[in-house]
Every structure is written in structure tokens, then in C-alpha cells.
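Enquirer: So here's entry.cif, just mmCIF, N, CA and C atoms:
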data_input
#
loop_
_atom_site.label_atom_id
_atom_site.label_comp_id
_atom_site.auth_asym_id
_atom_site.auth_seq_id
_atom_site.Cartn_x
_atom_site.Cartn_y
_atom_site.Cartn_z
N MET A 8 -79.75 49.67 -51.77
CA MET A 8 -79.59 48.37 -52.37
C MET A 8 -78.29 48.28 -53.17
N LYS A 9 -77.97 49.36 -53.86
CA LYS A 9 -76.73 49.37 -54.65
C LYS A 9 -75.51 49.21 -53.74
N LYS A 10 -75.63 49.76 -52.54
CA LYS A 10 -74.51 49.68 -51.60
C LYS A 10 -74.26 48.23 -51.17
N ILE A 11 -75.31 47.45 -50.95
CA ILE A 11 -75.19 46.04 -50.55
C ILE A 11 -74.57 45.23 -51.68
N VAL A 12 -75.00 45.43 -52.89
CA VAL A 12 -74.45 44.71 -54.04
C VAL A 12 -72.99 45.09 -54.23
N LYS A 13 -72.68 46.36 -54.01
CA LYS A 13 -71.30 46.82 -54.16
C LYS A 13 -70.41 46.16 -53.10
N ASN A 14 -70.90 46.01 -51.86
CA ASN A 14 -70.12 45.37 -50.80
C ASN A 14 -69.91 43.89 -51.09
N LEU A 15 -70.88 43.23 -51.68
CA LEU A 15 -70.73 41.82 -52.01
C LEU A 15 -69.70 41.60 -53.11
N LYS A 16 -69.56 42.54 -54.01
CA LYS A 16 -68.62 42.40 -55.11
C LYS A 16 -67.23 42.91 -54.77
N SER A 17 -67.04 43.46 -53.55
CA SER A 17 -65.73 44.02 -53.21
C SER A 17 -64.71 42.89 -52.98
N ASN A 18 -63.47 43.25 -52.97
CA ASN A 18 -62.39 42.28 -52.78
C ASN A 18 -61.95 42.16 -51.33
N LYS A 19 -62.70 42.70 -50.43
CA LYS A 19 -62.36 42.61 -49.01
C LYS A 19 -62.76 41.24 -48.49
N GLY A 20 -61.92 40.70 -47.51
CA GLY A 20 -62.24 39.42 -46.90
C GLY A 20 -61.11 38.42 -47.12
N PHE A 21 -61.36 37.18 -46.74
CA PHE A 21 -60.37 36.11 -46.85
C PHE A 21 -60.77 35.17 -47.98
N THR A 22 -59.76 34.75 -48.72
CA THR A 22 -60.01 33.73 -49.73
C THR A 22 -59.74 32.36 -49.11
N MET A 23 -60.12 31.32 -49.78
CA MET A 23 -59.88 29.97 -49.30
C MET A 23 -58.38 29.71 -49.19
N GLN A 24 -57.59 30.24 -50.10
CA GLN A 24 -56.13 30.08 -50.05
C GLN A 24 -55.57 30.73 -48.79
N ASP A 25 -56.06 31.89 -48.43
CA ASP A 25 -55.59 32.56 -47.22
C ASP A 25 -55.88 31.72 -45.98
N VAL A 26 -57.06 31.15 -45.93
CA VAL A 26 -57.45 30.34 -44.77
C VAL A 26 -56.59 29.08 -44.69
N ILE A 27 -56.34 28.43 -45.81
CA ILE A 27 -55.53 27.20 -45.83
C ILE A 27 -54.10 27.50 -45.39
N ILE A 28 -53.52 28.59 -45.86
CA ILE A 28 -52.16 28.96 -45.48
C ILE A 28 -52.10 29.28 -43.98
N ALA A 29 -53.10 29.98 -43.47
CA ALA A 29 -53.14 30.31 -42.04
C ALA A 29 -53.24 29.04 -41.20
N ILE A 30 -54.06 28.10 -41.62
CA ILE A 30 -54.21 26.83 -40.87
C ILE A 30 -52.90 26.05 -40.91
N ALA A 31 -52.21 26.03 -42.05
CA ALA A 31 -50.93 25.31 -42.17
C ALA A 31 -49.88 25.92 -41.24
N ILE A 32 -49.80 27.23 -41.21
CA ILE A 32 -48.83 27.89 -40.32
C ILE A 32 -49.17 27.62 -38.86
N LEU A 33 -50.44 27.70 -38.51
CA LEU A 33 -50.87 27.44 -37.14
C LEU A 33 -50.56 25.99 -36.74
N THR A 34 -50.74 25.06 -37.66
CA THR A 34 -50.45 23.65 -37.38
C THR A 34 -48.96 23.44 -37.14
N LEU A 35 -48.12 24.09 -37.92
CA LEU A 35 -46.67 23.97 -37.72
C LEU A 35 -46.26 24.49 -36.34
N PHE A 36 -46.77 25.65 -35.97
CA PHE A 36 -46.43 26.20 -34.67
C PHE A 36 -46.98 25.36 -33.53
N ALA A 37 -48.19 24.86 -33.68
CA ALA A 37 -48.79 24.02 -32.64
C ALA A 37 -48.00 22.72 -32.48
N GLY A 38 -47.56 22.14 -33.58
CA GLY A 38 -46.74 20.93 -33.51
C GLY A 38 -45.41 21.17 -32.83
N THR A 39 -44.80 22.28 -33.13
CA THR A 39 -43.52 22.62 -32.50
C THR A 39 -43.69 22.83 -31.00
N ILE A 40 -44.73 23.55 -30.62
CA ILE A 40 -44.98 23.80 -29.20
C ILE A 40 -45.31 22.50 -28.47
N ALA A 41 -46.13 21.64 -29.08
CA ALA A 41 -46.47 20.36 -28.45
C ALA A 41 -45.22 19.49 -28.29
N GLY A 42 -44.36 19.48 -29.30
CA GLY A 42 -43.11 18.72 -29.20
C GLY A 42 -42.21 19.23 -28.09
N SER A 43 -42.17 20.54 -27.93
CA SER A 43 -41.38 21.14 -26.85
C SER A 43 -41.93 20.75 -25.48
N TYR A 44 -43.25 20.81 -25.33
CA TYR A 44 -43.86 20.41 -24.07
C TYR A 44 -43.59 18.94 -23.76
N LEU A 45 -43.63 18.09 -24.75
CA LEU A 45 -43.35 16.68 -24.53
C LEU A 45 -41.91 16.47 -24.08
N ALA A 46 -40.96 17.14 -24.72
CA ALA A 46 -39.56 17.03 -24.33
C ALA A 46 -39.34 17.53 -22.91
N ILE A 47 -39.97 18.63 -22.57
CA ILE A 47 -39.85 19.17 -21.21
C ILE A 47 -40.43 18.19 -20.20
N TYR A 48 -41.56 17.58 -20.50
CA TYR A 48 -42.18 16.62 -19.59
C TYR A 48 -41.27 15.42 -19.37
N LYS A 49 -40.66 14.90 -20.44
CA LYS A 49 -39.77 13.74 -20.31
C LYS A 49 -38.56 14.07 -19.45
N ILE A 50 -37.97 15.22 -19.66
CA ILE A 50 -36.79 15.62 -18.88
C ILE A 50 -37.17 15.82 -17.42
N GLN A 51 -38.33 16.42 -17.18
CA GLN A 51 -38.79 16.64 -15.81
C GLN A 51 -39.04 15.31 -15.10
N ALA A 52 -39.65 14.35 -15.79
CA ALA A 52 -39.91 13.04 -15.19
C ALA A 52 -38.61 12.31 -14.90
N GLU A 53 -37.66 12.38 -15.81
CA GLU A 53 -36.35 11.74 -15.61
C GLU A 53 -35.62 12.37 -14.43
N THR A 54 -35.64 13.67 -14.34
CA THR A 54 -34.98 14.36 -13.24
C THR A 54 -35.63 14.01 -11.91
N GLN A 55 -36.95 13.93 -11.90
CA GLN A 55 -37.65 13.63 -10.67
C GLN A 55 -37.35 12.22 -10.17
N ILE A 56 -37.37 11.23 -11.03
CA ILE A 56 -37.11 9.86 -10.58
C ILE A 56 -35.64 9.69 -10.18
N THR A 57 -34.73 10.39 -10.85
CA THR A 57 -33.33 10.33 -10.47
C THR A 57 -33.13 10.97 -9.10
N ALA A 58 -33.82 12.07 -8.83
CA ALA A 58 -33.73 12.73 -7.52
C ALA A 58 -34.28 11.83 -6.42
N VAL A 59 -35.38 11.14 -6.70
CA VAL A 59 -35.97 10.24 -5.71
C VAL A 59 -35.01 9.08 -5.43
N ALA A 60 -34.42 8.52 -6.46
CA ALA A 60 -33.46 7.42 -6.28
C ALA A 60 -32.25 7.89 -5.48
N THR A 61 -31.76 9.08 -5.77
CA THR A 61 -30.61 9.62 -5.04
C THR A 61 -30.96 9.82 -3.57
N LEU A 62 -32.16 10.34 -3.30
CA LEU A 62 -32.60 10.54 -1.92
C LEU A 62 -32.67 9.21 -1.18
N TYR A 63 -33.25 8.19 -1.80
CA TYR A 63 -33.30 6.87 -1.17
C TYR A 63 -31.89 6.36 -0.87
N GLY A 64 -31.00 6.50 -1.84
CA GLY A 64 -29.63 6.02 -1.66
C GLY A 64 -28.92 6.71 -0.51
N ILE A 65 -29.05 8.02 -0.42
CA ILE A 65 -28.40 8.77 0.65
C ILE A 65 -28.99 8.39 2.00
N GLN A 66 -30.30 8.25 2.08
CA GLN A 66 -30.93 7.86 3.35
C GLN A 66 -30.48 6.48 3.79
N ILE A 67 -30.39 5.55 2.87
CA ILE A 67 -29.95 4.19 3.22
C ILE A 67 -28.51 4.20 3.69
N LEU A 68 -27.63 4.91 2.98
CA LEU A 68 -26.23 4.95 3.39
C LEU A 68 -26.05 5.66 4.73
N GLU A 69 -26.84 6.68 5.00
CA GLU A 69 -26.77 7.33 6.31
C GLU A 69 -27.23 6.39 7.41
N ASN A 70 -28.25 5.58 7.12
CA ASN A 70 -28.71 4.61 8.10
C ASN A 70 -27.66 3.54 8.33
N ILE A 71 -27.01 3.10 7.28
CA ILE A 71 -25.94 2.10 7.41
C ILE A 71 -24.81 2.66 8.25
N ASP A 72 -24.56 3.95 8.14
CA ASP A 72 -23.51 4.58 8.92
C ASP A 72 -23.86 4.58 10.41
N ARG A 73 -25.16 4.59 10.76
CA ARG A 73 -25.59 4.63 12.16
C ARG A 73 -25.63 3.25 12.82
N ILE A 74 -25.80 2.19 12.05
CA ILE A 74 -25.94 0.86 12.66
C ILE A 74 -24.57 0.28 12.98
N ALA A 75 -24.55 -0.79 13.75
CA ALA A 75 -23.31 -1.42 14.18
C ALA A 75 -22.58 -2.06 13.00
N TYR A 76 -21.28 -2.13 13.12
CA TYR A 76 -20.42 -2.69 12.08
C TYR A 76 -20.82 -4.13 11.76
N GLU A 77 -21.12 -4.91 12.78
CA GLU A 77 -21.46 -6.32 12.60
C GLU A 77 -22.81 -6.51 11.89
N ASP A 78 -23.68 -5.52 11.99
CA ASP A 78 -25.01 -5.62 11.38
C ASP A 78 -25.01 -5.30 9.89
N VAL A 79 -23.90 -4.79 9.39
CA VAL A 79 -23.81 -4.45 7.96
C VAL A 79 -23.38 -5.71 7.22
N LYS A 80 -24.32 -6.25 6.44
CA LYS A 80 -24.05 -7.49 5.72
C LYS A 80 -24.91 -7.55 4.47
N ASN A 81 -24.65 -8.50 3.62
CA ASN A 81 -25.45 -8.70 2.42
C ASN A 81 -26.85 -9.16 2.80
N GLY A 82 -27.83 -8.86 1.96
CA GLY A 82 -29.19 -9.31 2.19
C GLY A 82 -30.04 -8.34 2.98
N MET A 83 -29.67 -7.07 3.04
CA MET A 83 -30.44 -6.07 3.79
C MET A 83 -31.46 -5.34 2.91
N GLU A 84 -31.59 -5.74 1.66
CA GLU A 84 -32.43 -5.01 0.71
C GLU A 84 -33.89 -4.92 1.13
N ASP A 85 -34.47 -6.06 1.52
CA ASP A 85 -35.90 -6.07 1.87
C ASP A 85 -36.19 -5.19 3.07
N THR A 86 -35.27 -5.18 4.03
CA THR A 86 -35.45 -4.35 5.22
C THR A 86 -35.55 -2.88 4.84
N TYR A 87 -34.66 -2.43 3.98
CA TYR A 87 -34.65 -1.02 3.58
C TYR A 87 -35.78 -0.68 2.62
N LYS A 88 -36.17 -1.62 1.77
CA LYS A 88 -37.31 -1.35 0.88
C LYS A 88 -38.58 -1.13 1.69
N GLN A 89 -38.75 -1.91 2.75
CA GLN A 89 -39.94 -1.73 3.60
C GLN A 89 -39.82 -0.48 4.45
N ALA A 90 -38.64 -0.22 4.99
CA ALA A 90 -38.45 0.92 5.89
C ALA A 90 -38.67 2.26 5.18
N TYR A 91 -38.24 2.36 3.93
CA TYR A 91 -38.34 3.62 3.20
C TYR A 91 -39.47 3.63 2.17
N GLY A 92 -40.21 2.55 2.08
CA GLY A 92 -41.35 2.50 1.16
C GLY A 92 -40.93 2.55 -0.30
N ILE A 93 -39.84 1.91 -0.64
CA ILE A 93 -39.35 1.88 -2.01
C ILE A 93 -40.23 0.93 -2.82
N SER A 94 -40.75 1.39 -3.94
CA SER A 94 -41.66 0.57 -4.75
C SER A 94 -40.92 -0.61 -5.38
N ASP A 95 -41.70 -1.58 -5.79
CA ASP A 95 -41.12 -2.76 -6.42
C ASP A 95 -40.57 -2.45 -7.81
N GLN A 96 -40.98 -1.33 -8.39
CA GLN A 96 -40.48 -0.94 -9.71
C GLN A 96 -39.03 -0.46 -9.65
N MET A 97 -38.57 -0.11 -8.46
CA MET A 97 -37.19 0.33 -8.29
C MET A 97 -36.40 -0.80 -7.64
N GLY A 98 -35.39 -1.27 -8.31
CA GLY A 98 -34.58 -2.34 -7.78
C GLY A 98 -33.52 -1.82 -6.82
N LEU A 99 -33.26 -2.57 -5.77
CA LEU A 99 -32.26 -2.21 -4.78
C LEU A 99 -31.33 -3.39 -4.55
N ARG A 100 -30.04 -3.13 -4.63
CA ARG A 100 -29.04 -4.18 -4.36
C ARG A 100 -27.96 -3.58 -3.48
N ILE A 101 -27.66 -4.27 -2.37
CA ILE A 101 -26.61 -3.83 -1.45
C ILE A 101 -25.57 -4.94 -1.38
N GLU A 102 -24.36 -4.59 -1.75
CA GLU A 102 -23.25 -5.55 -1.71
C GLU A 102 -22.25 -5.08 -0.66
N VAL A 103 -21.95 -5.97 0.28
CA VAL A 103 -21.00 -5.65 1.35
C VAL A 103 -19.79 -6.56 1.19
N SER A 104 -18.61 -5.97 1.21
CA SER A 104 -17.37 -6.75 1.10
C SER A 104 -16.32 -6.17 2.03
N GLN A 105 -15.36 -7.00 2.40
CA GLN A 105 -14.26 -6.53 3.25
C GLN A 105 -13.34 -5.65 2.42
N TYR A 106 -12.92 -4.55 2.99
CA TYR A 106 -12.08 -3.58 2.28
C TYR A 106 -10.61 -3.74 2.66
N ASP A 107 -10.36 -4.22 3.87
CA ASP A 107 -8.97 -4.39 4.33
C ASP A 107 -8.77 -5.78 4.92
N SER A 108 -7.52 -6.13 5.18
CA SER A 108 -7.22 -7.47 5.69
C SER A 108 -7.41 -7.58 7.21
N GLU A 109 -7.50 -6.45 7.93
CA GLU A 109 -7.68 -6.50 9.38
C GLU A 109 -9.15 -6.59 9.79
N ASN A 110 -10.06 -6.65 8.84
CA ASN A 110 -11.51 -6.71 9.09
C ASN A 110 -12.00 -5.53 9.92
N THR A 111 -11.53 -4.34 9.60
CA THR A 111 -12.00 -3.14 10.30
C THR A 111 -12.75 -2.19 9.37
N ILE A 112 -12.70 -2.46 8.07
CA ILE A 112 -13.39 -1.60 7.11
C ILE A 112 -14.16 -2.48 6.12
N LYS A 113 -15.43 -2.12 5.90
CA LYS A 113 -16.25 -2.79 4.90
C LYS A 113 -16.61 -1.80 3.80
N MET A 114 -16.67 -2.30 2.57
CA MET A 114 -17.12 -1.50 1.43
C MET A 114 -18.58 -1.84 1.19
N VAL A 115 -19.44 -0.81 1.21
CA VAL A 115 -20.86 -0.98 0.95
C VAL A 115 -21.15 -0.36 -0.42
N LYS A 116 -21.61 -1.19 -1.34
CA LYS A 116 -21.96 -0.73 -2.68
C LYS A 116 -23.47 -0.85 -2.85
N LEU A 117 -24.11 0.29 -3.02
CA LEU A 117 -25.57 0.35 -3.14
C LEU A 117 -25.93 0.66 -4.58
N THR A 118 -26.78 -0.15 -5.18
CA THR A 118 -27.21 0.05 -6.56
C THR A 118 -28.73 0.15 -6.60
N LEU A 119 -29.22 1.27 -7.11
CA LEU A 119 -30.66 1.45 -7.33
C LEU A 119 -30.90 1.42 -8.83
N SER A 120 -31.81 0.56 -9.28
CA SER A 120 -32.14 0.42 -10.69
C SER A 120 -33.57 0.89 -10.92
N TYR A 121 -33.77 1.64 -11.99
CA TYR A 121 -35.10 2.14 -12.30
C TYR A 121 -35.21 2.38 -13.80
N GLN A 122 -36.46 2.49 -14.27
CA GLN A 122 -36.74 2.72 -15.69
C GLN A 122 -37.11 4.17 -15.92
N VAL A 123 -36.53 4.77 -16.94
CA VAL A 123 -36.89 6.13 -17.34
C VAL A 123 -37.09 6.13 -18.84
N ALA A 124 -38.30 6.41 -19.28
CA ALA A 124 -38.64 6.49 -20.70
C ALA A 124 -38.18 5.24 -21.46
N GLY A 125 -38.36 4.09 -20.83
CA GLY A 125 -38.00 2.83 -21.48
C GLY A 125 -36.53 2.46 -21.36
N ASN A 126 -35.71 3.31 -20.78
CA ASN A 126 -34.28 3.03 -20.59
C ASN A 126 -34.02 2.65 -19.14
N LYS A 127 -33.21 1.61 -18.95
CA LYS A 127 -32.86 1.20 -17.60
C LYS A 127 -31.68 2.03 -17.12
N GLU A 128 -31.84 2.62 -15.94
CA GLU A 128 -30.80 3.44 -15.34
C GLU A 128 -30.35 2.81 -14.04
N ASP A 129 -29.07 2.92 -13.73
CA ASP A 129 -28.52 2.43 -12.47
C ASP A 129 -27.82 3.58 -11.75
N LEU A 130 -28.16 3.75 -10.48
CA LEU A 130 -27.48 4.71 -9.62
C LEU A 130 -26.63 3.90 -8.65
N VAL A 131 -25.33 4.10 -8.70
CA VAL A 131 -24.41 3.32 -7.86
C VAL A 131 -23.73 4.27 -6.87
N LEU A 132 -23.86 3.95 -5.58
CA LEU A 132 -23.23 4.72 -4.51
C LEU A 132 -22.38 3.78 -3.68
N GLU A 133 -21.21 4.24 -3.27
CA GLU A 133 -20.32 3.42 -2.45
C GLU A 133 -19.96 4.17 -1.18
N LYS A 134 -19.78 3.40 -0.11
CA LYS A 134 -19.44 3.99 1.18
C LYS A 134 -18.59 3.00 1.96
N LEU A 135 -17.67 3.54 2.74
CA LEU A 135 -16.87 2.71 3.61
C LEU A 135 -17.50 2.71 5.01
N LYS A 136 -17.64 1.55 5.60
CA LYS A 136 -18.13 1.41 6.97
C LYS A 136 -16.95 0.99 7.81
N VAL A 137 -16.59 1.85 8.77
CA VAL A 137 -15.41 1.61 9.60
C VAL A 137 -15.86 1.05 10.94
N LYS A 138 -15.15 0.02 11.40
CA LYS A 138 -15.45 -0.59 12.71
C LYS A 138 -14.96 0.35 13.80
N GLU A 139 -15.88 0.68 14.70
CA GLU A 139 -15.52 1.55 15.80
C GLU A 139 -14.89 0.73 16.91
N LEU A 140 -13.80 1.21 17.45
CA LEU A 140 -13.09 0.48 18.50
C LEU A 140 -13.44 0.98 19.87
#
Rewrite the structure of this file - the entire thing - as C-alpha cells.
Expert:
Amino acid sequence: MKKIVKNLKSNKGFTMQDVIIAIAILTLFAGTIAGSYLAIYKIQAETQITAVATLYGIQILENIDRIAYEDVKNGMEDTYKQAYGISDQMGLRIEVSQYDSENTIKMVKLTLSYQVAGNKEDLVLEKLKVKEL
């Protein structure tokens, strides 16, 4: 019995102050780790949507390179949005203009617009379409 009373009166164990300090330190580290994960997620999402937009742009420009010179004109956006399954959340604008005075080269300016973390981003790609003789 004396041994039990002696163990109860010993100074071994954790005090309330020790527990509170441990919880505070754990909370700081957990907050830092959670903030890091959030930043990594945002960067990963931004990179992914930019890569998807770039892929769409390259595919569209490669397709424009394959079609006839006369078929390259303004107003082709809906055709490409349907062909490549581009969502309505991503804006597509194709501007075609004459590049030279002999009407043998056209400038194709492709703009893809999308939202990333509340910021509007524009990806602009340009290509020359040469009339084959």
C-alpha cells in the first residue's frame, strides 16, 4: 500500500502545462504542413490546366496546318471546340489575317482563355499558314 501512495505522490508524468505546450507545437507544425499541401495543390492544378490548354492549342494549329489554305478563316472556333471536346469554361478565339500583300501567307492567332485560382489566363499561339502552289 505504501508503494501505491508513493507512486501517486511522485513527480513522474505530464503536467497540464506540458500538454498545452505540446498541443501548441503540434498545431503550428500541422498548420505549416497543411499550408504547404494547399500551395502544392494550387500549383499542380495551375500546371495541369496550362498543359491542357497548350495541348489543345498545338492540336488545333497542327490541324490548321493540314487543311487547305482557303479553308482557314475567322469563325472556326465552334468547329474546333466540338472536334476536341473543349469545355465551355475555356474560351477559344481564332483570328486569321493576311500576312503579305500577295495573299500567299495568312497569320493565324489562337487565344485560349481559362481561369486558374480566380485569375484569368490567356495562352496565345501564332502560326503562319502558307498557300501551297
Enquirer: In Å, with one decimal, what is the gap from atom C of A:Thr57 to atom CA of A:Val123?
Expert: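 Result for atom C of A:Thr57 versus atom CA of A:Val123: 10.3 Å, one decimal.
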Enquirer: I'd like the interatomic distance between atom N of A:Leu132 and atom CA of A:Ser108, to a tenth of an Å.
Expert: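 According to the coordinates, atom N of A:Leu132 and atom CA of A:Ser108 are separated by 23.1 Å.
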Enquirer: Applied to the shown file, which residues does the PyMOL selection byres ((chain A and resi 111) around 5) return, written as number ranges by chain?
Expert: A: 109-110, 112-113, 137-138
Enquirer: List every protein, DNA or RNA residue that has an atom no more than 9 Å from (-14.1, 4.5, 2.3) in the file's coordinate frame, counting only C-alpha atoms, and report them as a count of residues only.
Expert: 10
Enquirer: Residues of chain A in strand (DSSP E or B) according to DSSP, as a VMD selection string?
Expert: chain A and resid 98 to 105 112 to 123 126 to 137
Enquirer: Take the PyMOL selection byres (((chain A and resi 117 and name CA) around 12) and name CA), run it mentally on this structure, and tell me the resulting residues as a CSV table (one decimal) with N, CA and C atoms, keeping the file's coordinate frame.
Expert:
chain,number,residue,atom,x,y,z
A,60,ALA,N,-34.4,8.5,-6.5
A,60,ALA,CA,-33.5,7.4,-6.3
A,60,ALA,C,-32.2,7.9,-5.5
A,61,THR,N,-31.8,9.1,-5.8
A,61,THR,CA,-30.6,9.6,-5.0
A,61,THR,C,-31.0,9.8,-3.6
A,63,TYR,N,-33.2,8.2,-1.8
A,63,TYR,CA,-33.3,6.9,-1.2
A,63,TYR,C,-31.9,6.4,-0.9
A,64,GLY,N,-31.0,6.5,-1.8
A,64,GLY,CA,-29.6,6.0,-1.7
A,64,GLY,C,-28.9,6.7,-0.5
A,65,ILE,N,-29.0,8.0,-0.4
A,65,ILE,CA,-28.4,8.8,0.6
A,65,ILE,C,-29.0,8.4,2.0
A,66,GLN,N,-30.3,8.2,2.1
A,66,GLN,CA,-30.9,7.9,3.4
A,66,GLN,C,-30.5,6.5,3.8
A,67,ILE,N,-30.4,5.6,2.9
A,67,ILE,CA,-30.0,4.2,3.2
A,67,ILE,C,-28.5,4.2,3.7
A,68,LEU,N,-27.6,4.9,3.0
A,68,LEU,CA,-26.2,5.0,3.4
A,68,LEU,C,-26.0,5.7,4.7
A,69,GLU,N,-26.8,6.7,5.0
A,69,GLU,CA,-26.8,7.3,6.3
A,69,GLU,C,-27.2,6.4,7.4
A,71,ILE,N,-27.0,3.1,7.3
A,71,ILE,CA,-25.9,2.1,7.4
A,71,ILE,C,-24.8,2.7,8.2
A,80,LYS,N,-24.3,-6.2,6.4
A,80,LYS,CA,-24.0,-7.5,5.7
A,80,LYS,C,-24.9,-7.6,4.5
A,81,ASN,N,-24.6,-8.5,3.6
A,81,ASN,CA,-25.4,-8.7,2.4
A,81,ASN,C,-26.8,-9.2,2.8
A,82,GLY,N,-27.8,-8.9,2.0
A,82,GLY,CA,-29.2,-9.3,2.2
A,82,GLY,C,-30.0,-8.3,3.0
A,83,MET,N,-29.7,-7.1,3.0
A,83,MET,CA,-30.4,-6.1,3.8
A,83,MET,C,-31.5,-5.3,2.9
A,84,GLU,N,-31.6,-5.7,1.7
A,84,GLU,CA,-32.4,-5.0,0.7
A,84,GLU,C,-33.9,-4.9,1.1
A,87,TYR,N,-34.7,-2.4,4.0
A,87,TYR,CA,-34.6,-1.0,3.6
A,87,TYR,C,-35.8,-0.7,2.6
A,98,GLY,N,-35.4,-1.3,-8.3
A,98,GLY,CA,-34.6,-2.3,-7.8
A,98,GLY,C,-33.5,-1.8,-6.8
A,99,LEU,N,-33.3,-2.6,-5.8
A,99,LEU,CA,-32.3,-2.2,-4.8
A,99,LEU,C,-31.3,-3.4,-4.6
A,100,ARG,N,-30.0,-3.1,-4.6
A,100,ARG,CA,-29.0,-4.2,-4.4
A,100,ARG,C,-28.0,-3.6,-3.5
A,101,ILE,N,-27.7,-4.3,-2.4
A,101,ILE,CA,-26.6,-3.8,-1.4
A,101,ILE,C,-25.6,-4.9,-1.4
A,102,GLU,N,-24.4,-4.6,-1.8
A,102,GLU,CA,-23.2,-5.6,-1.7
A,102,GLU,C,-22.2,-5.1,-0.7
A,103,VAL,N,-22.0,-6.0,0.3
A,103,VAL,CA,-21.0,-5.6,1.4
A,103,VAL,C,-19.8,-6.6,1.2
A,104,SER,N,-18.6,-6.0,1.2
A,104,SER,CA,-17.4,-6.8,1.1
A,104,SER,C,-16.3,-6.2,2.0
A,114,MET,N,-16.7,-2.3,2.6
A,114,MET,CA,-17.1,-1.5,1.4
A,114,MET,C,-18.6,-1.8,1.2
A,115,VAL,N,-19.4,-0.8,1.2
A,115,VAL,CA,-20.9,-1.0,1.0
A,115,VAL,C,-21.2,-0.4,-0.4
A,116,LYS,N,-21.6,-1.2,-1.3
A,116,LYS,CA,-22.0,-0.7,-2.7
A,116,LYS,C,-23.5,-0.8,-2.8
A,118,THR,N,-26.8,-0.2,-5.2
A,118,THR,CA,-27.2,0.0,-6.6
A,118,THR,C,-28.7,0.2,-6.6
A,119,LEU,N,-29.2,1.3,-7.1
A,119,LEU,CA,-30.7,1.4,-7.3
A,119,LEU,C,-30.9,1.4,-8.8
A,120,SER,N,-31.8,0.6,-9.3
A,120,SER,CA,-32.1,0.4,-10.7
A,120,SER,C,-33.6,0.9,-10.9
A,129,ASP,N,-29.1,2.9,-13.7
A,129,ASP,CA,-28.5,2.4,-12.5
A,129,ASP,C,-27.8,3.6,-11.8
A,130,LEU,N,-28.2,3.8,-10.5
A,130,LEU,CA,-27.5,4.7,-9.6
A,130,LEU,C,-26.6,3.9,-8.6
A,131,VAL,N,-25.3,4.1,-8.7
A,131,VAL,CA,-24.4,3.3,-7.9
A,131,VAL,C,-23.7,4.3,-6.9
A,132,LEU,N,-23.9,4.0,-5.6
A,132,LEU,CA,-23.2,4.7,-4.5
A,132,LEU,C,-22.4,3.8,-3.7
A,133,GLU,N,-21.2,4.2,-3.3
A,133,GLU,CA,-20.3,3.4,-2.4
A,133,GLU,C,-20.0,4.2,-1.2
A,134,LYS,N,-19.8,3.4,-0.1
A,134,LYS,CA,-19.4,4.0,1.2
A,134,LYS,C,-18.6,3.0,2.0
A,135,LEU,N,-17.7,3.5,2.7
A,135,LEU,CA,-16.9,2.7,3.6
A,135,LEU,C,-17.5,2.7,5.0
Enquirer: Distance atom CA of A:Leu140-atom N of A:Thr86, one decimal place?
Expert: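 Atom-to-atom, atom CA of A:Leu140 and atom N of A:Thr86 are spaced 27.1 Å apart.
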Enquirer: DSSP on the backbone: which residues in stretch 12-134 of chain A end up as helix (DSSP H, G or I)? Give the answer as number ranges by chain.
Expert: A: 12-15, 23-73, 76-78, 84-91
Enquirer: Can you list, as an NGL selection string, the residues that the PyMOL selection byres (((chain A and resi 53 and name CA) around 12) and name CA) selects here?
Expert: :A and (46-52 or 54-60 or 121-128)
Enquirer: Can I get N, CA and C atoms for stretch 111-124 of chain A, as a PDB file, in the first residue's frame?
Expert:
ATOM      1  N   THR A 111      -0.516  35.011-100.124  1.00  0.00           N
ATOM      2  CA  THR A 111       0.020  33.643-100.088  1.00  0.00           C
ATOM      3  C   THR A 111       0.321  33.180 -98.664  1.00  0.00           C
ATOM      4  N   ILE A 112       0.268  34.108 -97.710  1.00  0.00           N
ATOM      5  CA  ILE A 112       0.546  33.752 -96.319  1.00  0.00           C
ATOM      6  C   ILE A 112      -0.521  34.378 -95.425  1.00  0.00           C
ATOM      7  N   LYS A 113      -1.065  33.550 -94.521  1.00  0.00           N
ATOM      8  CA  LYS A 113      -2.019  34.036 -93.523  1.00  0.00           C
ATOM      9  C   LYS A 113      -1.408  33.882 -92.137  1.00  0.00           C
ATOM     10  N   MET A 114      -1.707  34.832 -91.265  1.00  0.00           N
ATOM     11  CA  MET A 114      -1.299  34.753 -89.859  1.00  0.00           C
ATOM     12  C   MET A 114      -2.486  34.235 -89.067  1.00  0.00           C
ATOM     13  N   VAL A 115      -2.281  33.129 -88.344  1.00  0.00           N
ATOM     14  CA  VAL A 115      -3.319  32.546 -87.503  1.00  0.00           C
ATOM     15  C   VAL A 115      -2.921  32.798 -86.055  1.00  0.00           C
ATOM     16  N   LYS A 116      -3.757  33.534 -85.347  1.00  0.00           N
ATOM     17  CA  LYS A 116      -3.515  33.830 -83.931  1.00  0.00           C
ATOM     18  C   LYS A 116      -4.585  33.114 -83.113  1.00  0.00           C
ATOM     19  N   LEU A 117      -4.138  32.176 -82.294  1.00  0.00           N
ATOM     20  CA  LEU A 117      -5.037  31.358 -81.484  1.00  0.00           C
ATOM     21  C   LEU A 117      -4.905  31.793 -80.031  1.00  0.00           C
ATOM     22  N   THR A 118      -6.018  32.108 -79.396  1.00  0.00           N
ATOM     23  CA  THR A 118      -6.018  32.521 -77.995  1.00  0.00           C
ATOM     24  C   THR A 118      -6.939  31.605 -77.204  1.00  0.00           C
ATOM     25  N   LEU A 119      -6.381  30.955 -76.191  1.00  0.00           N
ATOM     26  CA  LEU A 119      -7.162  30.137 -75.266  1.00  0.00           C
ATOM     27  C   LEU A 119      -7.209  30.865 -73.931  1.00  0.00           C
ATOM     28  N   SER A 120      -8.407  31.095 -73.407  1.00  0.00           N
ATOM     29  CA  SER A 120      -8.599  31.787 -72.134  1.00  0.00           C
ATOM     30  C   SER A 120      -9.161  30.812 -71.113  1.00  0.00           C
ATOM     31  N   TYR A 121      -8.639  30.867 -69.906  1.00  0.00           N
ATOM     32  CA  TYR A 121      -9.101  29.980 -68.849  1.00  0.00           C
ATOM     33  C   TYR A 121      -8.862  30.626 -67.495  1.00  0.00           C
ATOM     34  N   GLN A 122      -9.547  30.105 -66.480  1.00  0.00           N
ATOM     35  CA  GLN A 122      -9.436  30.616 -65.111  1.00  0.00           C
ATOM     36  C   GLN A 122      -8.571  29.687 -64.282  1.00  0.00           C
ATOM     37  N   VAL A 123      -7.646  30.254 -63.531  1.00  0.00           N
ATOM     38  CA  VAL A 123      -6.821  29.484 -62.597  1.00  0.00           C
ATOM     39  C   VAL A 123      -6.820  30.226 -61.277  1.00  0.00           C
ATOM     40  N   ALA A 124      -7.358  29.602 -60.248  1.00  0.00           N
ATOM     41  CA  ALA A 124      -7.393  30.168 -58.895  1.00  0.00           C
ATOM     42  C   ALA A 124      -7.957  31.589 -58.899  1.00  0.00           C
TER      43      ALA A 124
END
